[in-house]
Structure formats: C-alpha cells, structure tokens
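Participant: One structure, as structure tokens, below. Some questions next.
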Amino acid sequence: MKFLQVKRILVLLVIGMLTFLSTAFAEIPTIAVEELKPGMRGYGKTVIEGADIRTFDVEVLGVTGTETGGYNILIKASGPLLEESGGIAQGMSGSPVYIDGRLAGAVAYGQAFSDPNYCFLTPINEMLRLFDETDPRPSVFLPKNTPLMVSGFTEDGVEHLNEGLKSFGLVSYAVPAGNAALDQVKLEPGSSVGVSLVRGDMVIGAIGTVTWTDEEGRVLAFGHPFLQHGDSNYFMTNAWIYASVPNIQSAFKVGTLGKTLGRISQDRLSGIAGKQGENAPIIPMYVSVTDKDRGLHKSSNVQLVTDEDLVPTLVDGVTYNTVSMAKDKKGGGTSKICFTITAQGNEEGPITLRRENMFYSATDIGKLTDSELNIATDMLMNNRFDKVTIQDINVDVETTASCEVAEMTSASAPNTVVQGGALPITLTFKPYRAPEITRVVKFRVPDSQAPGPMNLIVRSGNATNWLNKAMGQQNKLSGDDGAATADDSSTNQPTTRQFKDFLNEFNDMDANHEVVVDLMPDDTSSKKTSNLSSRLTGLLKGSPYKQRFPMEFIVTGETGITVTVKKR
C-alpha cells in the first residue's frame with residue numbers, strides 16, 4: 001500500500017516537472033532595457049538560406065530614448081552568418097536577440113551606417129503591447145524594410161505593379177514560386193515569416209523574421225511596421241529563403257512565401273502581430289484574358305486581402321499582369337473588357353457593378369484596359385458614404401494588336417417619322433486603314449414627341465469631343481464659363497448626391513464601342529443650372545429617351561440629324 005502511495009507521488013512529481021518545463025519553454029524570459037549595459041553580449045536568430053535557423057553574435061552598445069518616447073537598443077552584430085549575409089539584411093527584421101539567455105528585442109531599425117553590422121532593436125516589452133495597445137510609441141530611426149517578393153509575374157507586370165506601390169513606399173522583386181518543403185516549416189523565434197497580400201496563381205508579400213511566439217499560437221515579428229495600417233487582415237505564411245543578397249545600400253533576403261498559417265491582425269509602429277490558425281477575410285478574383293491574334297488564353301485565380309487602401313492597386317496589378325502574360329509583348333492595340341464586382345455595403349446593402357467597354361492605345365494597351373476597373377474598386381473601397389465589403393471580382397478581357405477604331409463620317413435617316421415609330425438611321429464608318437462600312441440602327445421615337453422638327457445627336461459613346469463642343473456652345477449662350485452666376489438661386493442648386501447615384505451612373509455610363517442616339521440637348525438648360533459639374537452629369541446622362549447601339553469596334557465622331565415627326 002505504501003509502495004503504491006510513493007509511486008503515485010512520484011508520478012505526480014514527474015507530471016508537475018514536465019508541466020513546469022513546458023511552461024518555462026513556452027514563456028520565454030525577457031530582459032528589460034533598464035537591465036541592459038554597454039558591453040553585454042548575446043546572440044540573435046535568423047534564416048539566410050532555406051528554413052534553417054542560425055545564430056549570430058551580438059554586443060550591446062547602448063540604449064537610446066526615454067520612457068515617454070520609447071526606447072531603442074543599439075547593437076553590433078558579428079560572426080560568420082553576418083559575413084555570409086552581407087551584414088544586417090532587409091528581411092532580418094524581427095530577428096530575436098537574446099542577452100544573458102533572455103529575449104531583449106527584435107532587429108528593426110538602422111541608419112545610414114557605413115558598417116551594415118550596426119542596427120537598433122525594438123524592445124520586446126514594447127512589441128508585446130501590440131496585443132493590448134493600439135498605438136505603440138514611434139521610433140525616430142529608419143526601419144529595416146523588407147521588399148515585396150512576387151511570383152507569377154512577368155517583367156512588365158512587376159514594373160507596372162511597382163508604379164502602383166510607389167505611394168506605399170514599397171518595391172517588389174520577382175522570385176520563383178513556393179518550395180514544397182515549406183509544408184513542414186513551422187513558425188518559431190528566428191524563422192522566416194511572410195505577410196501576404198495576394199495568394200493563388202500570383203503571390204505578393206513581404207518576408208521578415210519571427211521574434212516571439214507562445215503556446216496559444218500568437219506571433220510577433222518585424223520589430224517595425226509593414227505598412228502601419230493598424231488593425232489589419234493580412235495572410236500570415238511561412239517562408240523559404242534563397243539567399244541574402246549584398247547591396248550597395250543594404251543587403252536583403254530573397255525568398256518566397258509559402259503556406260498560409262494564420263492572420264496578421266496588427267500592423268503598427270513596433271511591429272506586426274497575429275495568430276496562427278486564424279483566417280483573414282478574402283476577396284476572390286478571377287481574370288481571364290484571350291489574345292485573339294494568337295488564340296492564346298491565360299487566366300489568374302487569386303485571393304486578395306481586404307485592406308481598403310491596397311485593394312485598387314492589387315486589382316490593377318493582377319489584371320495588368322494577366323494581360324501581359326497573354327499578350328507576351330508590350331505595346332499598343334485594342335482591348336475589350338467585361339467585369340463584374342459584387343459587394344455589400346453596411347448601409348447600401350447588395351451592390352453590383354457591371355461594365356463592358358473597349359479601349360485603344362498606341363503605346364501600352366494593358367494600362368488602359370483596366371482603367372475603369374480601377375475606378376470601380378477605388379469608388380467602392382474609398383467612398384465617403386459607406387463601408388463596403390467586396391465579395392467577388394470577375395474580369396474577362398480580349399486583346400488584339402490591331403487598331404479596331406472607326407470614325408463615324410455620316411448619318412442619314414428618312415425625312416419623316418411617326419410618333420412612337422422606329423427611325424432607321426444609316427451610319428457610315430471609316431475604319432483604320434480599311435474601306436468604309438455601313439450599319440443601320442433603329443431609334444424608337446418617343447410617344448410623347450411633339451409633331452414637328454426633332455433634332456437628334458448621333459455620337460460615339462466616347463463623349464469627350466462632343467462634351468467639349470456642347471459645353472462650349474452652352475457657355476456662349478449663357479454668357480458664363482461654367483461658374484455659378486448671380487442668377488442662381490438655392491432652389492436651382494443640385495440636390496445632395498447619394499452613394500447610390502454614383503453607383504448607378506457608373507453602371508449606366510456610355511461605352512467607347514457604342515453609338516448613342518438621343519434628343520439634342522436643350523440649349524436653354526444652361527440657364528437653369530450654371531454649376532459645371534451638374535451640367536456635365538446631365539449631358540452625359542442624356543434624356544430619358546437616349547438609346548445605345550453597340551458596335552464591334554471603337555467609335556469616334558458625332559453628327560446631328562433633323563427629321564419631321566408626324567402624329568400617328
């Protein structure tokens with residue numbers, strides 16, 4: 001009996017010791033900045049090739065800052081790893097540094113040091129506040145930024161993406177796609193971690209280093225902001241490092257992002273924070289592009305993060321790159337794009353934007369092709385009316401190197417027509433370097449049209465030239481330059497426009513490949529509204545009787561027709 005009691009006690013002691021060791025292992029001890037003194041030595045952990053975590057030597061040179069403004073720890077790193085990497089490299093951001101066996105902070109900041117082995121650490125105690133504070137204190141030093149790594153992109157696609165990323169202070173580099181060995185790589189202090197913005201057939205993201213983890217799956221990394229967007233929803237991935245590449249300014253790691261392991265929820269001054277096992281919300285996007293000249297088809301199936309600032313740039317980059325892959329050459333041509341965006345507004349409810357249009361460019365048709373798609377995503381993400389969640393984006397594009405543009409040279413119709421009848425209008429077009437062609441459209445005369453002369457405008461859906469002429473004529477008649485006059489009254493000012501108005505106007509815009517037939521605008525309308533914006537909107541919207549007729553080419557030009565309307 002006593003033997004059994006002793007055995008039970010021993011078992012409980014073993015279990016207790018194992019629990020203590022497990023807890024001790026999970027809860028990494030930290031060292032406060034007040035305890036750090038010049039000359040103290042330790043080590044850091046990072047990856048410069050593959051997924052193998054290695055160490056480098058560290059010496060503390062001093063602590064800068066104050067309790068109010070925040071602290072930074074100046075260190076000098078050394079050892080064989082630093083010789084291989086070319087010094088503290090971009091991508092080492094977040095590398096944990098241990099002094100006396102305790103975690104002091106993360107590699108994060110540098111200055112224009114002539115020696116790349118010097119850098120500043122963000123203290124770990126400030127990073128831990130990411131889980132409960134919204135505004136960690138800033139640093140006055142320069143972050144060891146990590147460039148974006150992209151895969152699935154052409155050279156032109158990377159160049160175009162970088163144009164859009166300039167406003168975010170980011171630059172991207174093309175790298176090979178992910179490595180199968182990444183499936184088994186876990187996140188732990190010193191391992192590489194990815195912050196992904198796009199995943200799927202294309203990948204866009206940054207690589208840094210894990211600073212701290214715990215048994216709950218929480219992760220701290222970078223030691224400085226990624227984009228400093230505060231509350232965030234990025235994809236957290238593991239990563240594979242190909243090499244640390246020396247650079248005249250700063251060495252940087254080249255790697256690829258791998259498997260999604262969780263969600264980055266905080267992106268603030270002292271670093272990024274997230275949790276493994278959590279899922280970030282996504283925007284699914286599918287792009288299909290056909291090069292009609294070669295009969296070649298390319299498609300891209302990706303998922304985007306929901307960041308309001310980033311979405312327009314990411315959508316633009318994915319679309320342009322897919323067009324670039326299908327065309328396989330840079331230059332001008334004609335494109336036709338059809339896209340649908342479904343979304344949900346907090347106040348507006350279900351939203352659907354649909355658009356079909358054709359474009360021609362003599363230089364780079366890819367940039368022009370998704371111009372309206374960029375407008376649509378920006379309108380949804382950055383409107384001043386409502387919080388909008390995009391649920392799905394579908395894009396279909398056809399391209400050709402040909403100039404599929406035709407000028408409308410004339411329009412003719414019978415001299416008379418009856419109320420409510422169909423007026424056949426014969427249109428003559430002169431295509432680019434091709435013989436003239438004719439098309440017949442039938443304009444339905446309004447039942448309410450008064451007997452007598454009916455003046456029609458027949459124009460291209462590309463209304464720029466027509467608008468300039470119409471506005472110029474109205475300005476002469478009204479004697480103003482588009483600004484409000486003393487005759488304006490508050491009753492004549494436009495009513496406050498709602499979000500729905502902008503959405504409806506976008507869906508109802510004329511297209512470049514359409515012929516528009518409408519009643520000629522009343523020249524006296526300028527006397528009712530002198531506000532330039534309202535007049536432009538009114539001219540584009542047209543009358544309730546405006547009718548559109550799609551062509552298989554881009555239309556230019558405009559003309560007028562006058563016919564006599566008779567009673568039925």
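How things are named: the first chain in the structure tokens is A, the next is B, and so on; residues count from 1 in each chain; ligands count from 1 in the order shown.
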Run DSSP on the backbone of this structure and report the residues of stretch 136-279 of chain A it assigns to helix (DSSP H, G or I), as a ChimeraX atom specification.
Facilitator: /A:155-168,180-184
Participant: Print the selection's residues with N, CA, C and O atoms to a file, as a short mmCIF file (atom, residue, chain, number, x, y, z; two decimals), in the first residue's frame.
Facilitator:
```
data_model
loop_
_atom_site.label_atom_id
_atom_site.label_comp_id
_atom_site.auth_asym_id
_atom_site.auth_seq_id
_atom_site.Cartn_x
_atom_site.Cartn_y
_atom_site.Cartn_z
N GLU A 155 7.95 40.39 -66.35
CA GLU A 155 8.80 41.57 -66.11
C GLU A 155 7.99 42.85 -66.21
O GLU A 155 8.12 43.76 -65.38
N ASP A 156 7.11 42.94 -67.24
CA ASP A 156 6.26 44.12 -67.38
C ASP A 156 5.27 44.21 -66.23
O ASP A 156 4.93 45.31 -65.77
N GLY A 157 4.78 43.05 -65.77
CA GLY A 157 3.85 43.04 -64.65
C GLY A 157 4.46 43.58 -63.38
O GLY A 157 3.82 44.32 -62.63
N VAL A 158 5.72 43.21 -63.10
CA VAL A 158 6.42 43.72 -61.92
C VAL A 158 6.63 45.23 -62.05
O VAL A 158 6.43 45.99 -61.09
N GLU A 159 7.02 45.67 -63.23
CA GLU A 159 7.27 47.10 -63.45
C GLU A 159 5.98 47.91 -63.21
O GLU A 159 6.00 48.95 -62.55
N HIS A 160 4.86 47.39 -63.73
CA HIS A 160 3.59 48.09 -63.56
C HIS A 160 3.15 48.08 -62.10
O HIS A 160 2.66 49.08 -61.57
N LEU A 161 3.32 46.94 -61.44
CA LEU A 161 2.96 46.84 -60.02
C LEU A 161 3.76 47.84 -59.20
O LEU A 161 3.21 48.50 -58.29
N ASN A 162 5.03 47.99 -59.49
CA ASN A 162 5.88 48.91 -58.73
C ASN A 162 5.44 50.37 -58.89
O ASN A 162 5.59 51.17 -57.98
N GLU A 163 4.87 50.69 -60.05
CA GLU A 163 4.34 52.04 -60.23
C GLU A 163 3.22 52.31 -59.24
O GLU A 163 3.13 53.39 -58.65
N GLY A 164 2.36 51.31 -59.05
CA GLY A 164 1.25 51.47 -58.12
C GLY A 164 1.68 51.44 -56.67
O GLY A 164 1.01 51.99 -55.80
N LEU A 165 2.80 50.78 -56.38
CA LEU A 165 3.26 50.63 -55.00
C LEU A 165 4.08 51.82 -54.50
O LEU A 165 4.38 51.91 -53.31
N LYS A 166 4.43 52.73 -55.41
CA LYS A 166 5.27 53.86 -55.01
C LYS A 166 4.66 54.66 -53.87
O LYS A 166 5.36 55.08 -52.96
N SER A 167 3.35 54.86 -53.93
CA SER A 167 2.70 55.68 -52.91
C SER A 167 2.75 55.02 -51.53
O SER A 167 2.57 55.69 -50.51
N PHE A 168 3.00 53.71 -51.48
CA PHE A 168 3.11 53.00 -50.21
C PHE A 168 4.57 52.87 -49.75
O PHE A 168 4.84 52.28 -48.71
N ALA A 180 8.11 23.11 -52.05
CA ALA A 180 7.30 22.06 -51.42
C ALA A 180 7.72 21.78 -49.99
O ALA A 180 6.92 21.37 -49.15
N ALA A 181 9.00 22.02 -49.69
CA ALA A 181 9.50 21.76 -48.34
C ALA A 181 8.86 22.68 -47.30
O ALA A 181 8.90 22.41 -46.10
N LEU A 182 8.24 23.78 -47.76
CA LEU A 182 7.62 24.72 -46.85
C LEU A 182 6.42 24.14 -46.10
O LEU A 182 6.01 24.67 -45.07
N ASP A 183 5.84 23.07 -46.64
CA ASP A 183 4.67 22.47 -45.99
C ASP A 183 4.96 22.05 -44.55
O ASP A 183 4.06 21.99 -43.71
N GLN A 184 6.21 21.74 -44.27
CA GLN A 184 6.57 21.24 -42.94
C GLN A 184 7.24 22.29 -42.07
O GLN A 184 7.60 22.01 -40.93
#
```
Participant: Do you know which residues are at most 12 Å from A:Phe235 counting only C-alpha atoms, after dropping those on the same chain fewer than 4 positions away, and could you put them as a ChimeraX atom specification?
Facilitator: /A:193-200,203-207,257-266,272-282,303-307
Participant: So which residues touch A:Phe443 within 12 Å, counting only C-alpha atoms, skipping near sequence neighbours fewer than 4 positions away, as a ChimeraX atom specification?
Facilitator: /A:413-414,417-426,456-458,515-519,545-549,561,563
Participant: Go ahead and write the residues just picked, N, CA and C atoms, as a CSV table (one decimal), in the first residue's frame.
Facilitator:
```
chain,number,residue,atom,x,y,z
A,413,ALA,N,-31.1,59.6,-92.4
A,413,ALA,CA,-32.4,59.0,-92.0
A,413,ALA,C,-33.5,59.5,-92.9
A,414,PRO,N,-34.6,58.8,-92.9
A,414,PRO,CA,-35.8,59.4,-93.7
A,414,PRO,C,-36.2,60.8,-93.2
A,417,VAL,N,-41.0,60.7,-89.7
A,417,VAL,CA,-41.3,59.6,-88.9
A,417,VAL,C,-42.5,59.8,-88.1
A,418,VAL,N,-43.2,58.8,-87.6
A,418,VAL,CA,-44.4,59.0,-86.8
A,418,VAL,C,-44.0,58.8,-85.4
A,419,GLN,N,-44.9,59.4,-84.5
A,419,GLN,CA,-44.7,59.3,-83.1
A,419,GLN,C,-44.7,57.8,-82.7
A,420,GLY,N,-43.7,57.5,-81.8
A,420,GLY,CA,-43.6,56.1,-81.4
A,420,GLY,C,-43.1,55.1,-82.4
A,421,GLY,N,-42.7,55.6,-83.6
A,421,GLY,CA,-42.3,54.7,-84.6
A,421,GLY,C,-40.8,54.5,-84.5
A,422,ALA,N,-40.3,53.6,-85.4
A,422,ALA,CA,-38.8,53.2,-85.4
A,422,ALA,C,-38.2,54.0,-86.6
A,423,LEU,N,-37.2,54.8,-86.2
A,423,LEU,CA,-36.5,55.6,-87.2
A,423,LEU,C,-35.2,54.9,-87.6
A,424,PRO,N,-35.1,54.4,-88.8
A,424,PRO,CA,-33.8,53.8,-89.3
A,424,PRO,C,-32.8,54.8,-89.6
A,425,ILE,N,-31.6,54.7,-89.0
A,425,ILE,CA,-30.5,55.6,-89.2
A,425,ILE,C,-29.4,54.8,-89.8
A,426,THR,N,-28.9,55.3,-91.0
A,426,THR,CA,-27.8,54.6,-91.7
A,426,THR,C,-26.5,55.4,-91.3
A,456,LEU,N,-31.8,65.3,-83.4
A,456,LEU,CA,-31.1,64.2,-82.7
A,456,LEU,C,-29.6,64.4,-82.8
A,457,ILE,N,-28.9,64.0,-81.7
A,457,ILE,CA,-27.5,63.9,-81.7
A,457,ILE,C,-27.1,62.4,-81.9
A,458,VAL,N,-26.2,62.1,-82.8
A,458,VAL,CA,-25.7,60.8,-83.1
A,458,VAL,C,-24.2,60.9,-82.8
A,515,VAL,N,-22.7,53.5,-80.3
A,515,VAL,CA,-23.3,54.7,-80.9
A,515,VAL,C,-24.5,55.1,-80.1
A,516,VAL,N,-24.5,56.3,-79.7
A,516,VAL,CA,-25.5,56.9,-78.8
A,516,VAL,C,-26.4,57.8,-79.7
A,517,VAL,N,-27.7,57.6,-79.6
A,517,VAL,CA,-28.7,58.4,-80.3
A,517,VAL,C,-29.6,59.0,-79.3
A,518,ASP,N,-29.7,60.3,-79.3
A,518,ASP,CA,-30.5,61.0,-78.2
A,518,ASP,C,-31.1,62.3,-78.8
A,519,LEU,N,-32.1,62.8,-78.1
A,519,LEU,CA,-32.6,64.1,-78.4
A,519,LEU,C,-31.6,65.1,-78.1
A,545,TYR,N,-34.8,59.4,-73.2
A,545,TYR,CA,-35.1,58.7,-74.5
A,545,TYR,C,-33.8,58.2,-75.2
A,546,LYS,N,-32.7,58.4,-74.5
A,546,LYS,CA,-31.4,58.1,-75.1
A,546,LYS,C,-31.3,56.6,-75.3
A,547,GLN,N,-30.8,56.2,-76.5
A,547,GLN,CA,-30.7,54.8,-76.8
A,547,GLN,C,-29.2,54.5,-77.3
A,548,ARG,N,-28.7,53.3,-77.0
A,548,ARG,CA,-27.3,53.0,-77.3
A,548,ARG,C,-27.3,51.7,-78.1
A,549,PHE,N,-26.4,51.7,-79.1
A,549,PHE,CA,-26.2,50.6,-80.0
A,549,PHE,C,-24.8,50.2,-80.1
A,561,ILE,N,-28.9,65.0,-86.7
A,561,ILE,CA,-30.0,64.7,-87.7
A,561,ILE,C,-31.2,65.4,-87.3
A,563,VAL,N,-35.3,65.4,-88.3
A,563,VAL,CA,-36.4,64.8,-89.0
A,563,VAL,C,-37.8,65.4,-88.5
```
Participant: Find the distance between atom CA of A:Asp309 and atom CA of A:Gln498 and write it in Å to one decimal.
Facilitator: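 Distance reported for this atom pair: 22.0 Å.
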Participant: Which one of A:Val318, A:Ser299, A:Leu368, A:Gly42 sits closest to A:Ser151 if you count only C-alpha atoms?
Facilitator: A:Val318
Participant: Write out as a list in words each polymer residue whose atoms come within 9 Å of A:Thr55, counting only C-alpha atoms; drop sequence neighbours fewer than 2 positions from it.
Facilitator: Tyr43, Gly44, Lys45, Thr46, Val47, Ile53, Asp57, Gly79, Leu81 and Gly190 of chain A
Participant: If DSSP is run on the backbone, what residues of stretch 136-334 of chain A are strand (DSSP E)? A reply as an NGL selection string would be ideal.
Facilitator: :A and (142-143 or 148-151 or 172-174 or 192-200 or 203-213 or 218-221 or 230-245 or 252-268 or 271-276 or 283-291 or 296-304 or 333-334)
Participant: Output C-alpha atoms for every residue in that selection, as a PDB file, in the first residue's frame.
Facilitator:
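This is the output file part.pdb:
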```pdb
ATOM      1  CA  LEU A 142      14.714  54.095 -40.211  1.00  0.00           C
ATOM      2  CA  PRO A 143      13.037  50.679 -40.419  1.00  0.00           C
ATOM      3  CA  LEU A 148       7.949  42.710 -51.528  1.00  0.00           C
ATOM      4  CA  MET A 149       8.531  39.344 -53.155  1.00  0.00           C
ATOM      5  CA  VAL A 150       6.200  38.472 -56.033  1.00  0.00           C
ATOM      6  CA  SER A 151       5.799  35.292 -58.041  1.00  0.00           C
ATOM      7  CA  SER A 172       8.743  44.410 -55.432  1.00  0.00           C
ATOM      8  CA  TYR A 173      11.087  41.797 -56.879  1.00  0.00           C
ATOM      9  CA  ALA A 174      10.167  38.715 -58.879  1.00  0.00           C
ATOM     10  CA  SER A 192      11.183  33.464 -41.607  1.00  0.00           C
ATOM     11  CA  VAL A 193       7.590  34.678 -41.756  1.00  0.00           C
ATOM     12  CA  GLY A 194       5.621  36.060 -44.665  1.00  0.00           C
ATOM     13  CA  VAL A 195       2.993  38.796 -44.793  1.00  0.00           C
ATOM     14  CA  SER A 196       0.984  38.011 -47.899  1.00  0.00           C
ATOM     15  CA  LEU A 197      -1.328  40.427 -49.729  1.00  0.00           C
ATOM     16  CA  VAL A 198      -2.198  38.203 -52.698  1.00  0.00           C
ATOM     17  CA  ARG A 199      -2.174  34.407 -52.846  1.00  0.00           C
ATOM     18  CA  GLY A 200      -3.048  31.861 -55.502  1.00  0.00           C
ATOM     19  CA  VAL A 203       1.757  35.902 -54.827  1.00  0.00           C
ATOM     20  CA  ILE A 204       2.605  39.322 -53.404  1.00  0.00           C
ATOM     21  CA  GLY A 205       4.064  39.703 -49.936  1.00  0.00           C
ATOM     22  CA  ALA A 206       6.925  40.634 -47.653  1.00  0.00           C
ATOM     23  CA  ILE A 207       9.309  38.465 -45.674  1.00  0.00           C
ATOM     24  CA  GLY A 208      10.582  39.159 -42.183  1.00  0.00           C
ATOM     25  CA  THR A 209      11.555  37.198 -39.091  1.00  0.00           C
ATOM     26  CA  VAL A 210       9.564  35.845 -36.151  1.00  0.00           C
ATOM     27  CA  THR A 211      10.515  37.497 -32.865  1.00  0.00           C
ATOM     28  CA  TRP A 212       8.278  35.724 -30.368  1.00  0.00           C
ATOM     29  CA  THR A 213       5.594  33.044 -30.198  1.00  0.00           C
ATOM     30  CA  ARG A 218       0.324  34.223 -31.096  1.00  0.00           C
ATOM     31  CA  VAL A 219       3.190  35.664 -33.153  1.00  0.00           C
ATOM     32  CA  LEU A 220       5.226  38.875 -33.029  1.00  0.00           C
ATOM     33  CA  ALA A 221       7.514  39.795 -35.923  1.00  0.00           C
ATOM     34  CA  GLY A 230      -3.150  49.498 -37.576  1.00  0.00           C
ATOM     35  CA  ASP A 231      -5.905  46.893 -37.328  1.00  0.00           C
ATOM     36  CA  SER A 232      -5.148  44.635 -40.278  1.00  0.00           C
ATOM     37  CA  ASN A 233      -6.125  41.476 -42.074  1.00  0.00           C
ATOM     38  CA  TYR A 234      -3.063  40.076 -43.894  1.00  0.00           C
ATOM     39  CA  PHE A 235      -2.262  36.445 -44.608  1.00  0.00           C
ATOM     40  CA  MET A 236       0.426  35.050 -42.285  1.00  0.00           C
ATOM     41  CA  THR A 237       2.644  32.497 -44.055  1.00  0.00           C
ATOM     42  CA  ASN A 238       5.871  30.624 -43.572  1.00  0.00           C
ATOM     43  CA  ALA A 239       8.711  31.422 -45.980  1.00  0.00           C
ATOM     44  CA  TRP A 240      11.747  29.950 -47.735  1.00  0.00           C
ATOM     45  CA  ILE A 241      14.946  31.962 -48.159  1.00  0.00           C
ATOM     46  CA  TYR A 242      17.040  31.516 -51.303  1.00  0.00           C
ATOM     47  CA  ALA A 243      19.863  33.840 -50.304  1.00  0.00           C
ATOM     48  CA  SER A 244      20.866  37.083 -48.634  1.00  0.00           C
ATOM     49  CA  VAL A 245      21.919  39.353 -51.479  1.00  0.00           C
ATOM     50  CA  PHE A 252      18.279  41.908 -48.426  1.00  0.00           C
ATOM     51  CA  LYS A 253      16.910  38.408 -48.276  1.00  0.00           C
ATOM     52  CA  VAL A 254      15.416  36.891 -51.415  1.00  0.00           C
ATOM     53  CA  GLY A 255      12.792  34.289 -50.674  1.00  0.00           C
ATOM     54  CA  THR A 256       9.328  33.028 -51.406  1.00  0.00           C
ATOM     55  CA  LEU A 257       6.182  32.962 -49.346  1.00  0.00           C
ATOM     56  CA  GLY A 258       4.689  29.587 -48.562  1.00  0.00           C
ATOM     57  CA  LYS A 259       1.727  28.098 -46.778  1.00  0.00           C
ATOM     58  CA  THR A 260      -0.848  30.314 -45.064  1.00  0.00           C
ATOM     59  CA  LEU A 261      -0.704  29.588 -41.330  1.00  0.00           C
ATOM     60  CA  GLY A 262      -2.770  32.379 -39.819  1.00  0.00           C
ATOM     61  CA  ARG A 263      -3.753  36.043 -39.818  1.00  0.00           C
ATOM     62  CA  ILE A 264      -1.768  39.207 -39.158  1.00  0.00           C
ATOM     63  CA  SER A 265      -4.144  41.424 -37.188  1.00  0.00           C
ATOM     64  CA  GLN A 266      -1.899  44.313 -36.090  1.00  0.00           C
ATOM     65  CA  ASP A 267       0.467  46.413 -38.187  1.00  0.00           C
ATOM     66  CA  ARG A 268       1.840  49.180 -36.004  1.00  0.00           C
ATOM     67  CA  GLY A 271       5.944  45.541 -35.331  1.00  0.00           C
ATOM     68  CA  ILE A 272       3.276  43.179 -36.592  1.00  0.00           C
ATOM     69  CA  ALA A 273       1.244  40.732 -34.557  1.00  0.00           C
ATOM     70  CA  GLY A 274      -1.090  37.889 -35.394  1.00  0.00           C
ATOM     71  CA  LYS A 275      -2.259  34.439 -34.534  1.00  0.00           C
ATOM     72  CA  GLN A 276      -1.761  31.089 -36.183  1.00  0.00           C
ATOM     73  CA  ILE A 283     -11.608  38.942 -51.914  1.00  0.00           C
ATOM     74  CA  PRO A 284     -11.704  36.196 -54.578  1.00  0.00           C
ATOM     75  CA  MET A 285     -10.693  37.460 -58.020  1.00  0.00           C
ATOM     76  CA  TYR A 286     -10.695  35.674 -61.372  1.00  0.00           C
ATOM     77  CA  VAL A 287      -9.186  37.170 -64.523  1.00  0.00           C
ATOM     78  CA  SER A 288      -9.466  35.604 -67.979  1.00  0.00           C
ATOM     79  CA  VAL A 289      -7.544  37.064 -70.945  1.00  0.00           C
ATOM     80  CA  THR A 290      -7.567  35.934 -74.592  1.00  0.00           C
ATOM     81  CA  ASP A 291      -5.102  37.152 -77.200  1.00  0.00           C
ATOM     82  CA  LEU A 296      -3.800  32.151 -76.608  1.00  0.00           C
ATOM     83  CA  HIS A 297      -5.729  32.115 -73.341  1.00  0.00           C
ATOM     84  CA  LYS A 298      -4.410  32.896 -69.859  1.00  0.00           C
ATOM     85  CA  SER A 299      -6.238  33.089 -66.556  1.00  0.00           C
ATOM     86  CA  SER A 300      -5.447  34.009 -62.956  1.00  0.00           C
ATOM     87  CA  ASN A 301      -7.291  32.821 -59.872  1.00  0.00           C
ATOM     88  CA  VAL A 302      -6.218  34.720 -56.759  1.00  0.00           C
ATOM     89  CA  GLN A 303      -7.368  35.864 -53.345  1.00  0.00           C
ATOM     90  CA  LEU A 304      -6.699  39.407 -52.141  1.00  0.00           C
ATOM     91  CA  GLY A 333      -3.557  47.553 -79.567  1.00  0.00           C
ATOM     92  CA  THR A 334      -7.244  47.199 -78.847  1.00  0.00           C
TER      93      THR A 334
END
```
Participant: Find, counting only C-alpha atoms, the residue in A:Thr30, A:Asn72, A:Asn382, A:Thr559 that gets nearest to A:Leu310.
Facilitator: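 Of all the options, A:Asn382 lies closest to A:Leu310.
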Participant: Compile the contact shell of A:Glu59 as a list of chain:residue names: residues with an atom at most 7 Å away, counting only C-alpha atoms, same-chain residues fewer than 5 positions apart removed.
Facilitator: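 Residues near the query, excluding close chain neighbours: A:Gly39, A:Met40, A:Arg41, A:Gly42, A:Ile75, A:Lys76, A:Ala77.
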Participant: Taking only C-alpha atoms into account, name the residue in A:Val565, A:Met127, A:Met408, A:Ile375 that is nearest to A:Asp447.
Facilitator: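 Residue with the minimum atom-to-atom distance to A:Asp447: A:Val565.
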Participant: Work out how far atom CA of A:Val445 is from atom CA of A:Met520, in Å to one decimal.
Facilitator: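 Atom CA of A:Val445 lies at a distance of 13.0 Å from atom CA of A:Met520.
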Participant: Of the residues A:Ala406, A:Leu187, A:Val97, A:Val175, which is the one nearest to A:Glu514, using only C-alpha atoms?
Facilitator: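 Of A:Ala406, A:Leu187, A:Val97, A:Val175, the one nearest A:Glu514 is A:Ala406, counting only C-alpha atoms.
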Participant: How many Å lie between atom CA of A:Ile554 and atom CA of A:Val405, rounded to one decimal?
Facilitator: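 Taking atom CA of A:Ile554 as the start and atom CA of A:Val405 as the end point, the length is 4.6 Å.
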Participant: Considering only C-alpha atoms, return as a ChimeraX atom specification whatever protein or nucleic-acid residues lie within 9 Å of stretch 341-352 of chain A, sequence-local ones (same chain, fewer than 4 positions apart) excluded.
Facilitator: /A:376-377,380,385-395,499-500,503,507
